[in-house]
Amino acid sequence: MRDFIQALPKAELHVHLEGTLEPEHIFALAQRNGINLEYKRPEDVVAAYDFHDLPSFLKIYYAAMDVLREEEDFYELAWHYFQRAAAQNIVYVEPFFDPQAHTVRGVSFETVINGISRAQRDAAEKLGVTSNLILCFLRDMSAESAAETLAAVEPFLDRIIGVGLDSDEKDNPPAKFAEVFARARSLGLKLTMHCDVNQKDILDHLRECLDLIAVDRIDHGINALEDPTLCDAIVERGLGLTICPVSNRFVVQNLTGDEIRQMLAKGMRATINSDDPAYFRAYLNENFEALVDEAAFTEAEILQLVRNAFTVSWLPEAAKTAYL
Ligand code: ES4
Ligand code: ZN
């Protein structure tokens, strides 16, 4: 089964580039940038990964990215991820990045996007891994800050394919960002949003995603299963859901194997993804392997999940068919 998973050409649609920052790289960047770490060795960093819910994860995630300062740092971050992707036979990625997490620290938007874009070009040329970038707004920041971020990206519109919404979902509903997402759509960008498991008001968030924002995809979205009307709407619109099994195991203590099967049975286009692989210690193949080990997923199910990812990707139709 491991060989089967490894050999399949795959797409990944839900991976935060900042969530691919490996402990060894945190140390190398801290040294290069003259930053003092409170840890002595990379193993100590991993030992301090104590996630039991989203806020406990986000605290560690934002603290670590302080080592990312220069364009070269962002280049290396993305380049290292693309190398891992290539090694796992991932041929296409739509990675997220969180510009506001850097601009609030005084790192310019240009520094971030130039480093990442250069790694994308090198990955396409040297590794055969192609990618289209998704800019995520931080939902625990203001709608005004999101609007300013969108304005900052306008000179770089050809470098991103869509916008997303991540960070702490509690009391930060999709409606808060209706205006900025409408503006993003008018600029020709695709729209997606995190609808995370176990958030209160999650069904309201999902309904807002569909009815108010009219998203092109949903990140996570497992709770849709609680409402048949939502499931029907998702099937009817052919919307993809980017499920992250190992991330869910950390954040909500559930791998969601049963729920993924229910989605497939209903014709909902579930896909498998790694979310923050450096933190959850599982890249894409390990997420599939977890489904095999813990929920006995079959080759046919894995194949369906991989095909779904290409189908609901934002590749041009002609490019998709090459993979399907
Ligand atoms: C995230 Cl697991 C998760 N949830 C929400 N926002 C995020 N950003 C990075 N990882
Ligand atoms: Zn995520």
# chains A, B, ... in the order shown; residues from 1 in each chain; ligands from 1
>>> residues_near_ligand(ligand="ligand 2", cutoff="9 Å", atoms="only C-alpha atoms and all ligand atoms", output="list in words")
His14, Val15, His16, Gly19, Phe96, Leu165, Asp166, Ser167, His194, Asp196, Asp219, His220, Thr242, Cys244, Ser247, Ser274, Asp275 and Asp276 of chain A
>>> select_by_dssp(residues="range 1-112 of chain A", states="strand (DSSP E or B)", output="ChimeraX atom specification")
/A:10-12,15-16,90-93,96-97
>>> select_by_dssp(residues="range 199-232 of chain A", states="alpha helix (DSSP H)", output="short mmCIF file (atom, residue, chain, number, x, y, z; two decimals) with C-alpha atoms, in the first residue's frame")
data_model
loop_
_atom_site.label_atom_id
_atom_site.label_comp_id
_atom_site.auth_asym_id
_atom_site.auth_seq_id
_atom_site.Cartn_x
_atom_site.Cartn_y
_atom_site.Cartn_z
CA ILE A 202 -19.79 25.95 12.16
CA LEU A 203 -22.98 25.19 10.22
CA ASP A 204 -23.72 28.91 10.00
CA HIS A 205 -20.17 29.44 8.73
CA LEU A 206 -20.65 26.78 6.06
CA ARG A 207 -23.97 28.31 4.97
CA PRO A 228 -28.30 17.19 4.31
CA THR A 229 -29.19 20.50 2.66
CA LEU A 230 -25.56 21.59 2.86
CA CYS A 231 -24.38 18.24 1.48
CA ASP A 232 -26.81 18.53 -1.44
#
>>> residues_around(residues="Leu135 in chain A", least_positions_apart="4", cutoff="7 Å", atoms="only C-alpha atoms", output="PyMOL selection string")
chain A and resi 96-98+160+162-164
>>> residues_around(residues="Ala147 in chain A", least_positions_apart="2", cutoff="12 Å", atoms="only C-alpha atoms", output="ChimeraX atom specification")
/A:100,136-139,141-145,149-154,163,176-184
>>> closest_residue(among="A:Asp227, A:Glu24, A:Asp168, A:Glu301", to="ligand 1", atoms="only C-alpha atoms and all ligand atoms")
A:Asp168
>>> closest_residue(among="A:Gln120, A:Gln31, A:Asn273, A:Thr103", to="ligand 1", atoms="only C-alpha atoms and all ligand atoms")
A:Asn273
>>> closest_residue(among="A:Leu210, A:Ala87, A:Leu13, A:Leu77", to="Asn308 in chain A", atoms="only C-alpha atoms")
A:Leu13
>>> atom_distance(atom1="CA of Glu12 in chain A", atom2="CA of Ile90 in chain A")
7.0 Å
>>> residues_around(residues="Ala278 in chain A", least_positions_apart="6", cutoff="9 Å", atoms="only C-alpha atoms", output="number ranges by chain")
A: 18-23
>>> residues_around(residues="Leu255 in chain A", least_positions_apart="4", cutoff="9 Å", atoms="only C-alpha atoms", output="number ranges by chain")
A: 244-250, 259, 290-291, 294-295
>>> write_last_selection(atoms="N, CA and C atoms", output="mmCIF file, in the first residue's frame")
data_model
loop_
_atom_site.group_PDB
_atom_site.id
_atom_site.type_symbol
_atom_site.label_atom_id
_atom_site.label_comp_id
_atom_site.auth_asym_id
_atom_site.auth_seq_id
_atom_site.Cartn_x
_atom_site.Cartn_y
_atom_site.Cartn_z
ATOM 1 N N CYS A 244 -7.919 17.218 6.001
ATOM 2 C CA CYS A 244 -6.548 17.063 6.500
ATOM 3 C C CYS A 244 -6.567 16.099 7.692
ATOM 4 N N PRO A 245 -6.465 14.784 7.408
ATOM 5 C CA PRO A 245 -6.697 13.789 8.464
ATOM 6 C C PRO A 245 -5.771 13.908 9.680
ATOM 7 N N VAL A 246 -4.471 13.984 9.461
ATOM 8 C CA VAL A 246 -3.561 13.995 10.624
ATOM 9 C C VAL A 246 -3.700 15.312 11.391
ATOM 10 N N SER A 247 -3.898 16.406 10.678
ATOM 11 C CA SER A 247 -4.161 17.686 11.338
ATOM 12 C C SER A 247 -5.393 17.567 12.233
ATOM 13 N N ASN A 248 -6.433 16.936 11.707
ATOM 14 C CA ASN A 248 -7.656 16.767 12.505
ATOM 15 C C ASN A 248 -7.414 15.898 13.732
ATOM 16 N N ARG A 249 -6.544 14.918 13.577
ATOM 17 C CA ARG A 249 -6.246 14.064 14.730
ATOM 18 C C ARG A 249 -5.615 14.895 15.853
ATOM 19 N N PHE A 250 -4.760 15.843 15.466
ATOM 20 C CA PHE A 250 -4.124 16.703 16.478
ATOM 21 C C PHE A 250 -5.112 17.705 17.057
ATOM 22 N N GLU A 259 -15.972 9.906 8.286
ATOM 23 C CA GLU A 259 -16.611 11.058 7.638
ATOM 24 C C GLU A 259 -16.186 11.164 6.172
ATOM 25 N N ALA A 290 -2.011 7.056 7.041
ATOM 26 C CA ALA A 290 -2.784 7.049 8.292
ATOM 27 C C ALA A 290 -4.200 6.539 8.033
ATOM 28 N N LEU A 291 -4.766 6.910 6.884
ATOM 29 C CA LEU A 291 -6.119 6.429 6.558
ATOM 30 C C LEU A 291 -6.120 4.922 6.306
ATOM 31 N N GLU A 294 -5.293 3.270 9.978
ATOM 32 C CA GLU A 294 -6.268 3.455 11.059
ATOM 33 C C GLU A 294 -7.709 3.253 10.619
ATOM 34 N N ALA A 295 -7.972 3.313 9.317
ATOM 35 C CA ALA A 295 -9.361 3.168 8.870
ATOM 36 C C ALA A 295 -9.484 2.229 7.669
#
>>> closest_residue(among="A:Leu8, A:Val252, A:Leu303, A:Leu58", to="Gln88 in chain A", atoms="only C-alpha atoms")
A:Leu8
>>> atom_distance(atom1="CA of Arg281 in chain A", atom2="CA of Arg159 in chain A")
28.9 Å
>>> closest_residue(among="A:Glu125, A:Asp258, A:Asp3, A:Glu208", to="Phe297 in chain A", atoms="only C-alpha atoms")
A:Asp258
>>> closest_residue(among="A:Asp201, A:Gln262, A:Glu71, A:Ser56", to="Glu110 in chain A", atoms="only C-alpha atoms")
A:Glu71
>>> atom_distance(atom1="CA of Pro42 in chain A", atom2="CA of Ile5 in chain A")
28.9 Å
>>> decode(residues="range 161-312 of chain A", atoms="C-alpha atoms", output="PDB file, in the first residue's frame")
ATOM      1  CA  ILE A 161      -4.704  32.109  -8.228  1.00  0.00           C
ATOM      2  CA  GLY A 162      -7.007  32.685  -5.305  1.00  0.00           C
ATOM      3  CA  VAL A 163      -7.602  33.842  -1.755  1.00  0.00           C
ATOM      4  CA  GLY A 164      -8.388  31.878   1.388  1.00  0.00           C
ATOM      5  CA  LEU A 165      -9.217  32.534   5.026  1.00  0.00           C
ATOM      6  CA  ASP A 166      -7.383  30.886   7.907  1.00  0.00           C
ATOM      7  CA  SER A 167      -6.273  31.328  11.551  1.00  0.00           C
ATOM      8  CA  ASP A 168      -8.667  31.395  14.522  1.00  0.00           C
ATOM      9  CA  GLU A 169     -12.236  30.797  13.377  1.00  0.00           C
ATOM     10  CA  LYS A 170     -13.921  31.415  16.724  1.00  0.00           C
ATOM     11  CA  ASP A 171     -16.160  34.513  16.417  1.00  0.00           C
ATOM     12  CA  ASN A 172     -14.651  35.278  13.003  1.00  0.00           C
ATOM     13  CA  PRO A 173     -17.371  34.198  10.546  1.00  0.00           C
ATOM     14  CA  PRO A 174     -17.114  34.322   6.737  1.00  0.00           C
ATOM     15  CA  ALA A 175     -19.547  37.286   6.706  1.00  0.00           C
ATOM     16  CA  LYS A 176     -16.864  39.468   8.322  1.00  0.00           C
ATOM     17  CA  PHE A 177     -14.938  39.213   5.035  1.00  0.00           C
ATOM     18  CA  ALA A 178     -17.812  39.315   2.522  1.00  0.00           C
ATOM     19  CA  GLU A 179     -16.691  42.605   1.019  1.00  0.00           C
ATOM     20  CA  VAL A 180     -13.025  41.722   0.582  1.00  0.00           C
ATOM     21  CA  PHE A 181     -13.903  38.328  -0.932  1.00  0.00           C
ATOM     22  CA  ALA A 182     -16.327  40.010  -3.367  1.00  0.00           C
ATOM     23  CA  ARG A 183     -13.515  42.352  -4.381  1.00  0.00           C
ATOM     24  CA  ALA A 184     -11.131  39.405  -4.805  1.00  0.00           C
ATOM     25  CA  ARG A 185     -13.643  37.692  -7.084  1.00  0.00           C
ATOM     26  CA  SER A 186     -14.003  40.851  -9.167  1.00  0.00           C
ATOM     27  CA  LEU A 187     -10.215  40.746  -9.648  1.00  0.00           C
ATOM     28  CA  GLY A 188     -10.569  37.260 -11.151  1.00  0.00           C
ATOM     29  CA  LEU A 189      -9.385  35.319  -8.108  1.00  0.00           C
ATOM     30  CA  LYS A 190     -10.786  31.996  -6.899  1.00  0.00           C
ATOM     31  CA  LEU A 191     -12.215  31.839  -3.361  1.00  0.00           C
ATOM     32  CA  THR A 192     -11.843  29.309  -0.579  1.00  0.00           C
ATOM     33  CA  MET A 193     -12.180  29.438   3.217  1.00  0.00           C
ATOM     34  CA  HIS A 194     -11.347  27.301   6.219  1.00  0.00           C
ATOM     35  CA  CYS A 195     -14.476  25.868   7.868  1.00  0.00           C
ATOM     36  CA  ASP A 196     -12.835  23.985  10.647  1.00  0.00           C
ATOM     37  CA  VAL A 197     -14.163  21.078  12.621  1.00  0.00           C
ATOM     38  CA  ASN A 198     -15.544  21.657  16.100  1.00  0.00           C
ATOM     39  CA  GLN A 199     -16.032  25.396  15.825  1.00  0.00           C
ATOM     40  CA  LYS A 200     -19.221  26.676  17.365  1.00  0.00           C
ATOM     41  CA  ASP A 201     -21.575  28.097  14.736  1.00  0.00           C
ATOM     42  CA  ILE A 202     -19.794  25.953  12.159  1.00  0.00           C
ATOM     43  CA  LEU A 203     -22.978  25.188  10.217  1.00  0.00           C
ATOM     44  CA  ASP A 204     -23.718  28.905   9.995  1.00  0.00           C
ATOM     45  CA  HIS A 205     -20.167  29.438   8.733  1.00  0.00           C
ATOM     46  CA  LEU A 206     -20.649  26.778   6.055  1.00  0.00           C
ATOM     47  CA  ARG A 207     -23.967  28.313   4.971  1.00  0.00           C
ATOM     48  CA  GLU A 208     -22.352  31.752   4.728  1.00  0.00           C
ATOM     49  CA  CYS A 209     -19.529  30.238   2.659  1.00  0.00           C
ATOM     50  CA  LEU A 210     -22.027  28.856   0.169  1.00  0.00           C
ATOM     51  CA  ASP A 211     -24.802  31.449   0.139  1.00  0.00           C
ATOM     52  CA  LEU A 212     -23.035  34.724   0.914  1.00  0.00           C
ATOM     53  CA  ILE A 213     -19.441  34.251  -0.286  1.00  0.00           C
ATOM     54  CA  ALA A 214     -20.151  31.651  -2.999  1.00  0.00           C
ATOM     55  CA  VAL A 215     -16.813  29.937  -2.467  1.00  0.00           C
ATOM     56  CA  ASP A 216     -15.159  27.843  -5.168  1.00  0.00           C
ATOM     57  CA  ARG A 217     -13.876  25.313  -2.609  1.00  0.00           C
ATOM     58  CA  ILE A 218     -14.091  24.607   1.131  1.00  0.00           C
ATOM     59  CA  ASP A 219     -11.111  23.895   3.388  1.00  0.00           C
ATOM     60  CA  HIS A 220     -11.973  21.125   5.877  1.00  0.00           C
ATOM     61  CA  GLY A 221     -15.805  21.366   5.919  1.00  0.00           C
ATOM     62  CA  ILE A 222     -16.361  17.992   7.607  1.00  0.00           C
ATOM     63  CA  ASN A 223     -19.317  19.331   9.591  1.00  0.00           C
ATOM     64  CA  ALA A 224     -21.348  19.746   6.406  1.00  0.00           C
ATOM     65  CA  LEU A 225     -22.310  16.106   6.984  1.00  0.00           C
ATOM     66  CA  GLU A 226     -24.559  17.266   9.835  1.00  0.00           C
ATOM     67  CA  ASP A 227     -26.900  19.019   7.394  1.00  0.00           C
ATOM     68  CA  PRO A 228     -28.296  17.185   4.313  1.00  0.00           C
ATOM     69  CA  THR A 229     -29.190  20.500   2.659  1.00  0.00           C
ATOM     70  CA  LEU A 230     -25.556  21.594   2.860  1.00  0.00           C
ATOM     71  CA  CYS A 231     -24.378  18.245   1.476  1.00  0.00           C
ATOM     72  CA  ASP A 232     -26.808  18.528  -1.441  1.00  0.00           C
ATOM     73  CA  ALA A 233     -25.612  22.050  -2.239  1.00  0.00           C
ATOM     74  CA  ILE A 234     -21.956  20.942  -2.131  1.00  0.00           C
ATOM     75  CA  VAL A 235     -22.663  18.000  -4.455  1.00  0.00           C
ATOM     76  CA  GLU A 236     -24.770  20.092  -6.814  1.00  0.00           C
ATOM     77  CA  ARG A 237     -22.072  22.752  -7.143  1.00  0.00           C
ATOM     78  CA  GLY A 238     -19.328  20.136  -7.435  1.00  0.00           C
ATOM     79  CA  LEU A 239     -17.371  21.836  -4.655  1.00  0.00           C
ATOM     80  CA  GLY A 240     -14.164  20.274  -3.388  1.00  0.00           C
ATOM     81  CA  LEU A 241     -13.426  19.807   0.309  1.00  0.00           C
ATOM     82  CA  THR A 242      -9.812  19.764   1.433  1.00  0.00           C
ATOM     83  CA  ILE A 243      -9.686  17.322   4.345  1.00  0.00           C
ATOM     84  CA  CYS A 244      -6.548  17.063   6.500  1.00  0.00           C
ATOM     85  CA  PRO A 245      -6.697  13.789   8.464  1.00  0.00           C
ATOM     86  CA  VAL A 246      -3.561  13.995  10.624  1.00  0.00           C
ATOM     87  CA  SER A 247      -4.161  17.686  11.338  1.00  0.00           C
ATOM     88  CA  ASN A 248      -7.656  16.767  12.505  1.00  0.00           C
ATOM     89  CA  ARG A 249      -6.246  14.064  14.730  1.00  0.00           C
ATOM     90  CA  PHE A 250      -4.124  16.703  16.478  1.00  0.00           C
ATOM     91  CA  VAL A 251      -6.626  19.508  16.598  1.00  0.00           C
ATOM     92  CA  VAL A 252      -9.884  17.626  17.228  1.00  0.00           C
ATOM     93  CA  GLN A 253      -8.645  14.138  18.151  1.00  0.00           C
ATOM     94  CA  ASN A 254     -10.372  12.567  15.150  1.00  0.00           C
ATOM     95  CA  LEU A 255      -8.809  11.361  11.900  1.00  0.00           C
ATOM     96  CA  THR A 256     -12.210  11.691  10.125  1.00  0.00           C
ATOM     97  CA  GLY A 257     -11.891   8.373   8.248  1.00  0.00           C
ATOM     98  CA  ASP A 258     -15.612   7.573   8.656  1.00  0.00           C
ATOM     99  CA  GLU A 259     -16.611  11.058   7.638  1.00  0.00           C
ATOM    100  CA  ILE A 260     -14.439  10.926   4.498  1.00  0.00           C
ATOM    101  CA  ARG A 261     -16.175   7.671   3.513  1.00  0.00           C
ATOM    102  CA  GLN A 262     -19.594   9.252   4.044  1.00  0.00           C
ATOM    103  CA  MET A 263     -18.564  12.152   1.828  1.00  0.00           C
ATOM    104  CA  LEU A 264     -17.386   9.853  -0.963  1.00  0.00           C
ATOM    105  CA  ALA A 265     -20.638   7.860  -0.710  1.00  0.00           C
ATOM    106  CA  LYS A 266     -22.668  11.064  -1.155  1.00  0.00           C
ATOM    107  CA  GLY A 267     -20.606  12.172  -4.162  1.00  0.00           C
ATOM    108  CA  MET A 268     -18.922  15.019  -2.268  1.00  0.00           C
ATOM    109  CA  ARG A 269     -15.471  15.703  -3.681  1.00  0.00           C
ATOM    110  CA  ALA A 270     -13.271  15.115  -0.652  1.00  0.00           C
ATOM    111  CA  THR A 271      -9.501  15.422  -1.064  1.00  0.00           C
ATOM    112  CA  ILE A 272      -6.611  14.514   1.276  1.00  0.00           C
ATOM    113  CA  ASN A 273      -4.035  17.095   2.364  1.00  0.00           C
ATOM    114  CA  SER A 274      -1.335  17.730   4.957  1.00  0.00           C
ATOM    115  CA  ASP A 275      -2.225  21.248   6.300  1.00  0.00           C
ATOM    116  CA  ASP A 276       0.920  21.953   8.411  1.00  0.00           C
ATOM    117  CA  PRO A 277       3.145  18.941   7.764  1.00  0.00           C
ATOM    118  CA  ALA A 278       6.234  20.119   9.667  1.00  0.00           C
ATOM    119  CA  TYR A 279       4.143  20.552  12.804  1.00  0.00           C
ATOM    120  CA  PHE A 280       1.870  17.533  12.510  1.00  0.00           C
ATOM    121  CA  ARG A 281       4.882  15.456  11.394  1.00  0.00           C
ATOM    122  CA  ALA A 282       3.084  14.036   8.359  1.00  0.00           C
ATOM    123  CA  TYR A 283       3.381  15.084   4.718  1.00  0.00           C
ATOM    124  CA  LEU A 284       0.803  14.035   2.128  1.00  0.00           C
ATOM    125  CA  ASN A 285       1.761  10.356   1.779  1.00  0.00           C
ATOM    126  CA  GLU A 286       1.713   9.922   5.555  1.00  0.00           C
ATOM    127  CA  ASN A 287      -1.820  11.315   5.601  1.00  0.00           C
ATOM    128  CA  PHE A 288      -2.928   8.650   3.129  1.00  0.00           C
ATOM    129  CA  GLU A 289      -1.006   6.010   5.089  1.00  0.00           C
ATOM    130  CA  ALA A 290      -2.784   7.049   8.292  1.00  0.00           C
ATOM    131  CA  LEU A 291      -6.119   6.429   6.558  1.00  0.00           C
ATOM    132  CA  VAL A 292      -4.915   2.990   5.489  1.00  0.00           C
ATOM    133  CA  ASP A 293      -3.487   2.080   8.902  1.00  0.00           C
ATOM    134  CA  GLU A 294      -6.268   3.455  11.059  1.00  0.00           C
ATOM    135  CA  ALA A 295      -9.361   3.168   8.870  1.00  0.00           C
ATOM    136  CA  ALA A 296      -8.399   0.449   6.323  1.00  0.00           C
ATOM    137  CA  PHE A 297      -8.792   2.676   3.274  1.00  0.00           C
ATOM    138  CA  THR A 298      -8.549   0.675   0.041  1.00  0.00           C
ATOM    139  CA  GLU A 299      -6.622   1.387  -3.159  1.00  0.00           C
ATOM    140  CA  ALA A 300      -9.889   2.280  -4.901  1.00  0.00           C
ATOM    141  CA  GLU A 301     -10.744   4.823  -2.204  1.00  0.00           C
ATOM    142  CA  ILE A 302      -7.278   6.373  -2.334  1.00  0.00           C
ATOM    143  CA  LEU A 303      -7.436   6.599  -6.105  1.00  0.00           C
ATOM    144  CA  GLN A 304     -10.809   8.370  -5.876  1.00  0.00           C
ATOM    145  CA  LEU A 305      -9.428  10.875  -3.349  1.00  0.00           C
ATOM    146  CA  VAL A 306      -6.388  11.603  -5.542  1.00  0.00           C
ATOM    147  CA  ARG A 307      -8.543  12.029  -8.657  1.00  0.00           C
ATOM    148  CA  ASN A 308     -10.852  14.358  -6.734  1.00  0.00           C
ATOM    149  CA  ALA A 309      -7.889  16.620  -5.955  1.00  0.00           C
ATOM    150  CA  PHE A 310      -7.069  17.101  -9.643  1.00  0.00           C
ATOM    151  CA  THR A 311     -10.762  17.531 -10.491  1.00  0.00           C
ATOM    152  CA  VAL A 312     -11.363  20.292  -7.918  1.00  0.00           C
TER     153      VAL A 312
END
